[in-house]
Each structure stands twice: as C-alpha cells, then as structure tokens.
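Engineer: Just so it is clear, I am handing over upload-v3.cif, which has mmCIF, C-alpha atoms.
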data_upload
loop_
_atom_site.label_atom_id
_atom_site.label_comp_id
_atom_site.auth_asym_id
_atom_site.auth_seq_id
_atom_site.Cartn_x
_atom_site.Cartn_y
_atom_site.Cartn_z
CA MET A 23 45.71 24.66 39.28
CA TYR A 24 45.08 28.35 39.41
CA TRP A 25 48.35 28.92 41.26
CA LEU A 26 50.29 27.09 38.52
CA ASN A 27 48.83 28.98 35.58
CA PRO A 28 45.97 31.50 36.01
CA SER A 29 45.07 31.42 32.29
CA TYR A 30 44.37 27.70 32.56
CA VAL A 31 41.13 28.45 34.49
CA LEU A 32 39.88 30.67 31.67
CA TRP A 33 40.67 27.92 29.17
CA LEU A 34 38.84 25.30 31.30
CA LEU A 35 35.79 27.50 32.06
CA PRO A 36 33.78 26.65 28.86
CA ILE A 37 34.16 22.93 29.54
CA VAL A 38 33.38 22.95 33.25
CA GLY A 39 30.74 25.66 32.87
CA SER A 40 28.84 23.74 30.20
CA LEU A 41 28.92 20.59 32.34
CA ALA A 42 27.64 22.52 35.35
CA LEU A 43 24.82 24.18 33.38
CA SER A 44 23.76 21.09 31.44
CA ILE A 45 21.68 19.53 34.21
CA PRO A 46 19.49 22.50 35.13
CA LEU A 47 19.19 23.51 31.47
CA SER A 48 18.03 20.03 30.38
CA VAL A 49 15.49 19.90 33.25
CA MET A 50 14.08 23.28 32.26
CA LEU A 51 13.97 22.53 28.52
CA SER A 52 12.38 19.11 28.97
CA ARG A 53 9.22 20.53 30.48
CA VAL A 54 6.09 20.07 28.39
CA SER A 55 4.98 23.63 29.04
CA PHE A 56 8.22 24.99 27.59
CA GLY A 57 7.84 22.77 24.50
CA ARG A 58 4.26 23.88 23.92
CA ALA A 59 5.15 27.54 24.41
CA SER A 60 8.04 27.30 21.95
CA ARG A 61 5.86 25.50 19.40
CA ASN A 62 3.13 28.16 19.75
CA ALA A 63 5.81 30.79 19.19
CA GLY A 64 6.99 28.93 16.08
CA LEU A 65 10.42 28.12 17.47
CA PHE A 66 12.40 24.94 16.70
CA MET A 67 10.02 23.97 13.87
CA ILE A 68 10.97 22.70 10.43
CA PRO A 69 9.22 24.13 7.34
CA GLU A 70 7.05 20.99 6.93
CA GLU A 71 5.57 21.60 10.37
CA THR A 72 4.56 25.18 9.63
CA GLN A 73 3.18 24.62 6.11
CA VAL A 74 2.11 21.24 4.77
CA PRO A 75 4.01 20.41 1.55
CA ARG A 76 2.06 20.48 -1.71
CA GLU A 77 2.93 16.81 -2.38
CA ILE A 78 1.31 15.70 0.86
CA VAL A 79 -1.84 17.75 0.16
CA GLU A 80 -2.15 16.35 -3.38
CA THR A 81 -1.55 12.79 -2.19
CA GLN A 82 -4.28 13.16 0.41
CA GLN A 83 -6.66 14.53 -2.24
CA HIS A 84 -5.94 11.58 -4.53
CA VAL A 85 -6.50 9.10 -1.70
CA GLU A 86 -9.83 10.70 -0.81
CA ALA A 87 -10.93 10.74 -4.47
CA ALA A 88 -9.79 7.17 -5.17
CA ALA A 89 -12.29 4.59 -6.32
CA GLU A 90 -13.19 1.52 -4.34
CA THR A 91 -10.39 -1.03 -3.99
CA PRO A 92 -10.84 -4.02 -6.31
CA ASP A 93 -11.64 -7.34 -4.64
CA PHE A 94 -11.25 -10.97 -5.69
CA VAL A 95 -14.28 -10.92 -8.00
CA ASP A 96 -12.86 -7.85 -9.77
CA ALA A 97 -9.54 -9.65 -10.20
CA VAL A 98 -11.36 -12.48 -11.99
CA VAL A 99 -14.08 -10.65 -13.91
CA ASP A 100 -12.76 -7.17 -14.73
CA PRO A 101 -10.36 -7.36 -17.71
CA VAL A 102 -8.16 -4.47 -16.54
CA THR A 103 -7.83 -5.70 -12.96
CA ASN A 104 -7.27 -9.26 -14.20
CA ALA A 105 -4.51 -8.10 -16.54
CA LEU A 106 -2.84 -6.17 -13.71
CA MET A 107 -3.04 -9.13 -11.33
CA CYS A 108 -1.68 -11.54 -13.94
CA ALA A 109 1.13 -9.15 -14.87
CA THR A 110 2.24 -8.57 -11.29
CA ALA A 111 2.04 -12.18 -10.09
CA THR A 112 5.07 -14.45 -10.29
CA PRO A 113 4.56 -17.03 -13.02
CA ARG A 114 5.73 -20.50 -12.04
CA VAL A 115 6.33 -22.01 -15.46
CA VAL A 116 7.80 -25.22 -14.08
CA GLN A 117 5.30 -26.80 -11.69
CA PRO A 118 4.87 -30.34 -10.51
CA VAL A 119 2.08 -32.17 -12.29
CA SER A 120 0.19 -32.57 -9.02
CA ALA A 121 0.22 -28.80 -8.40
CA ARG A 122 -0.97 -28.12 -11.94
CA ARG A 123 -3.83 -30.59 -11.49
CA ARG A 124 -4.81 -29.02 -8.15
CA HIS A 125 -4.90 -25.57 -9.77
CA GLU A 126 -6.98 -26.86 -12.69
CA ALA A 127 -9.42 -28.49 -10.27
CA LEU A 128 -9.60 -25.27 -8.27
CA VAL A 129 -10.35 -23.27 -11.44
CA GLU A 130 -13.15 -25.72 -12.33
CA HIS A 131 -14.52 -25.56 -8.79
CA ALA A 132 -14.45 -21.76 -8.81
CA LEU A 133 -16.08 -21.64 -12.24
CA THR A 134 -18.96 -23.95 -11.44
CA HIS A 135 -19.59 -23.00 -7.80
CA GLY A 136 -18.94 -19.24 -7.94
CA PRO A 137 -16.88 -16.87 -5.81
CA ARG A 138 -18.87 -17.45 -2.63
CA ALA A 139 -17.87 -21.13 -2.54
CA LEU A 140 -14.14 -20.34 -2.29
CA THR A 141 -12.27 -20.06 0.97
CA PRO A 142 -9.78 -17.23 1.49
CA ALA A 143 -6.93 -19.73 1.07
CA GLN A 144 -8.32 -20.89 -2.28
CA LYS A 145 -8.69 -17.29 -3.43
CA HIS A 146 -5.11 -16.66 -2.41
CA VAL A 147 -3.91 -19.64 -4.46
CA LEU A 148 -5.78 -18.38 -7.52
CA LEU A 149 -4.47 -14.83 -7.10
CA GLY A 150 -0.92 -16.13 -6.75
CA ASN A 151 -1.03 -18.15 -9.98
CA PRO A 152 -1.34 -15.90 -13.05
CA PHE A 153 -2.03 -18.85 -15.37
CA ALA A 154 -4.93 -20.12 -13.25
CA LEU A 155 -6.30 -16.59 -12.81
CA ALA A 156 -6.17 -15.90 -16.55
CA ARG A 157 -7.82 -19.25 -17.29
CA LEU A 158 -10.59 -18.58 -14.77
CA HIS A 159 -11.13 -15.13 -16.30
CA GLU A 160 -11.38 -16.66 -19.78
CA LEU A 161 -13.85 -19.33 -18.63
CA VAL A 162 -16.01 -16.91 -16.62
CA TRP A 163 -16.52 -14.80 -19.74
CA GLY A 164 -16.84 -17.62 -22.24
CA SER A 165 -18.06 -20.81 -20.63
CA PRO A 166 -21.76 -21.70 -20.27
CA LEU A 167 -20.79 -23.58 -17.08
CA ALA A 168 -20.01 -20.33 -15.25
CA ASP A 169 -21.90 -19.97 -11.98
CA ALA A 170 -24.59 -17.31 -11.72
CA GLY A 171 -22.44 -15.48 -9.14
CA TRP A 172 -19.90 -14.73 -11.86
CA LYS A 173 -22.56 -13.81 -14.40
CA ASP A 174 -24.20 -11.30 -12.06
CA THR A 175 -20.92 -9.54 -11.41
CA ARG A 176 -19.99 -9.39 -15.09
CA ILE A 177 -22.70 -6.77 -15.55
CA LEU A 178 -21.21 -4.59 -12.82
CA VAL A 179 -17.70 -4.38 -14.27
CA ARG A 180 -16.20 -1.04 -13.29
CA ARG A 181 -14.02 0.88 -15.69
CA ALA A 182 -11.00 2.78 -14.52
CA ALA A 183 -11.23 6.50 -15.32
CA ASN A 184 -8.23 6.31 -17.64
CA VAL A 185 -9.43 3.27 -19.64
CA LEU A 186 -11.61 3.85 -22.67
CA PRO A 187 -13.97 1.12 -23.82
CA LEU A 188 -13.01 -0.56 -27.08
CA ARG A 189 -14.94 0.67 -30.08
CA PRO A 190 -15.64 -1.50 -33.07
CA ARG A 191 -13.43 -0.75 -36.06
CA ALA A 192 -15.02 1.03 -38.96
CA ALA A 193 -15.20 -1.29 -41.96
#
Have the structure of the file written as structure tokens, please.
Structural biologist:
Amino acid sequence: MYWLNPSYVLWLLPIVGSLALSIPLSVMLSRVSFGRASRNAGLFMIPEETQVPREIVETQQHVEAAAETPDFVDAVVDPVTNALMCATATPRVVQPVSARRRHEALVEHALTHGPRALTPAQKHVLLGNPFALARLHELVWGSPLADAGWKDTRILVRRAANVLPLRPRAA
C-alpha cells in the first residue's frame, strides 16, 4: 500500500498502532499492583472515593442512633406503631365470610392466649389485615379477657422521640 500512496500509511498508523499496543497495555494495566499503586497515588478515583459524602455520613449516624426495631407485640400494643401498621397495610374491604370468621377467631385466640401462643404465620396474617390488627389493639387495651402477656407489655410501651404524650385538656 505504501507504494500506491505513502500518506496512506500515516493515516492508518493510529488505527494499527492502537491495535498493536492494546494487548501489552491491557496486560500491564490489569495488574493488581498497578491498580493499588494508582489508588494510593489518588489516580482514577471519583470524589466519593476520596471524601465520603455528607449524606452518607449523616445516614450512618442516624442508623447507629436509631431505636430498637418494633416487633409484633409493639405493632399490637403501641398506639403509634399500631397506627403505622394499620395505615400501611392493604385493607381488604370485601372479604369472604369464611375469611372474616377466621380472622375474628384468630383475634380472639391472640387476645386470650397472648403473643407467645401465635405462630409466625398467624402473626403475619394479623399484620396483613389492618382491621384485625386494629381490633386486636382495641381489645388488648380494653378487654378484661386480655392475656397477661399483653398486659405485661402494655407497661413497657415505648414512645417515639417525636411523639408527645397526650395531656388532659384544661377545663
């Protein structure tokens, strides 16, 4: 080709040269020692790798300072947690009569036998039905049939830091 047009070689040199250099260059740059040396020198790093963003630091601080995660008993007994669980669950307004009866029986069983008598599947059913969960909450606080397991945990109700207790109105 050179004998046809000598300038053609100069035009083709970047293409052929890059193909010829790509193999040894990729072998050299793929070495772990080269990667560690370039990282220690601060090369090829994005800003988030050199300085942790403020949002990440604050999120980590909030996670470390977070209170204990509420459990099933909190979802039934604690008014704030119960309200959150009932508000976020999907209400099934139209239910077969048999399903409604099963849920009512499960609420009665949970009320009279306490939280320790429920299986994880039964707890899941109660948590997934906001009407049954609200009814169980109401009965745990107001029914004399409530199991001692519920009554013991009512004393230990935790308050969220941003929730103020209700004060009686001045007459």
Engineer: Using all atoms listed in the file, which protein or nucleic acid residues come within 8 Å of Trp172 of chain A? Drop anything in the same chain fewer than 4 positions from it, and give the result as a PyMOL selection string.
Structural biologist: chain A and resi 95+99+133+136-137+162+168+176
Engineer: Go through the shown structure with the PyMOL selection byres ((chain A and resi 130) around 12) and write out the matching residues as a list in words.
Structural biologist: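 For this structure, the PyMOL selection byres ((chain A and resi 130) around 12) resolves to Arg123, Arg124, His125, Glu126, Ala127, Leu128, Val129, His131, Ala132, Leu133, Thr134, His135, Gly136, Pro137, Ala139, Leu140, Leu148, Ala154, Leu155, Arg157, Leu158, His159, Glu160, Leu161, Val162, Ser165, Leu167, Ala168 and Asp169 of chain A.
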Engineer: Please report the interatomic distance between atom CA of Pro113 of chain A and atom CA of Ala156 of chain A in Å with one decimal.
Structural biologist: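 A separation of 11.4 Å between them.
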Engineer: Figure out the distance between atom CA of Ser60 of chain A and atom CA of Ile78 of chain A, please, to one decimal in Å.
Structural biologist: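 Those two atoms sit 25.0 Å apart.
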Engineer: Applied to this file, what does the PyMOL selection byres ((chain A and resi 103) around 12) return in terms of residues, put as a list in words?
Structural biologist: Thr91, Pro92, Asp93, Phe94, Val95, Asp96, Ala97, Val98, Val99, Asp100, Pro101, Val102, Asn104, Ala105, Leu106, Met107, Cys108, Ala109, Thr110, Leu149, Leu155, Ala156, His159, Val179, Arg180, Arg181, Ala182 and Val185 of chain A
Engineer: Between atom CA of Glu71 of chain A and atom CA of Arg53 of chain A, what distance in Å does the model show, to one decimal?
Structural biologist: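 Computing the Euclidean distance for atom CA of Glu71 of chain A and atom CA of Arg53 of chain A yields 20.5 Å.
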Engineer: Any chance you could build segment 67-80 of chain A out to N, CA and C atoms and write it as a PDB file, in the frame of the given file?
Structural biologist:
ATOM      1  N   MET A  67      10.883  24.713  14.793  1.00  0.00           N
ATOM      2  CA  MET A  67      10.020  23.970  13.870  1.00  0.00           C
ATOM      3  C   MET A  67      10.670  23.952  12.486  1.00  0.00           C
ATOM      4  N   ILE A  68      10.477  22.817  11.798  1.00  0.00           N
ATOM      5  CA  ILE A  68      10.970  22.700  10.430  1.00  0.00           C
ATOM      6  C   ILE A  68       9.886  23.223   9.484  1.00  0.00           C
ATOM      7  N   PRO A  69      10.225  23.563   8.251  1.00  0.00           N
ATOM      8  CA  PRO A  69       9.220  24.130   7.340  1.00  0.00           C
ATOM      9  C   PRO A  69       7.998  23.224   7.124  1.00  0.00           C
ATOM     10  N   GLU A  70       8.174  21.897   7.131  1.00  0.00           N
ATOM     11  CA  GLU A  70       7.050  20.990   6.930  1.00  0.00           C
ATOM     12  C   GLU A  70       6.042  21.033   8.070  1.00  0.00           C
ATOM     13  N   GLU A  71       6.486  21.502   9.246  1.00  0.00           N
ATOM     14  CA  GLU A  71       5.570  21.600  10.370  1.00  0.00           C
ATOM     15  C   GLU A  71       4.762  22.900  10.343  1.00  0.00           C
ATOM     16  N   THR A  72       5.284  23.907   9.693  1.00  0.00           N
ATOM     17  CA  THR A  72       4.560  25.180   9.630  1.00  0.00           C
ATOM     18  C   THR A  72       3.624  25.244   8.436  1.00  0.00           C
ATOM     19  N   GLN A  73       4.019  24.624   7.308  1.00  0.00           N
ATOM     20  CA  GLN A  73       3.180  24.620   6.110  1.00  0.00           C
ATOM     21  C   GLN A  73       3.277  23.233   5.474  1.00  0.00           C
ATOM     22  N   VAL A  74       2.131  22.587   5.313  1.00  0.00           N
ATOM     23  CA  VAL A  74       2.110  21.240   4.770  1.00  0.00           C
ATOM     24  C   VAL A  74       2.574  21.284   3.309  1.00  0.00           C
ATOM     25  N   PRO A  75       3.516  20.404   2.931  1.00  0.00           N
ATOM     26  CA  PRO A  75       4.010  20.410   1.550  1.00  0.00           C
ATOM     27  C   PRO A  75       2.906  20.091   0.540  1.00  0.00           C
ATOM     28  N   ARG A  76       3.045  20.658  -0.632  1.00  0.00           N
ATOM     29  CA  ARG A  76       2.060  20.480  -1.710  1.00  0.00           C
ATOM     30  C   ARG A  76       1.893  19.004  -2.055  1.00  0.00           C
ATOM     31  N   GLU A  77       2.989  18.224  -2.032  1.00  0.00           N
ATOM     32  CA  GLU A  77       2.930  16.810  -2.380  1.00  0.00           C
ATOM     33  C   GLU A  77       2.027  16.040  -1.426  1.00  0.00           C
ATOM     34  N   ILE A  78       2.136  16.372  -0.144  1.00  0.00           N
ATOM     35  CA  ILE A  78       1.310  15.700   0.860  1.00  0.00           C
ATOM     36  C   ILE A  78      -0.163  16.044   0.662  1.00  0.00           C
ATOM     37  N   VAL A  79      -0.453  17.312   0.380  1.00  0.00           N
ATOM     38  CA  VAL A  79      -1.840  17.750   0.160  1.00  0.00           C
ATOM     39  C   VAL A  79      -2.418  17.045  -1.062  1.00  0.00           C
ATOM     40  N   GLU A  80      -1.653  17.000  -2.160  1.00  0.00           N
ATOM     41  CA  GLU A  80      -2.150  16.350  -3.380  1.00  0.00           C
ATOM     42  C   GLU A  80      -2.328  14.852  -3.193  1.00  0.00           C
TER      43      GLU A  80
END
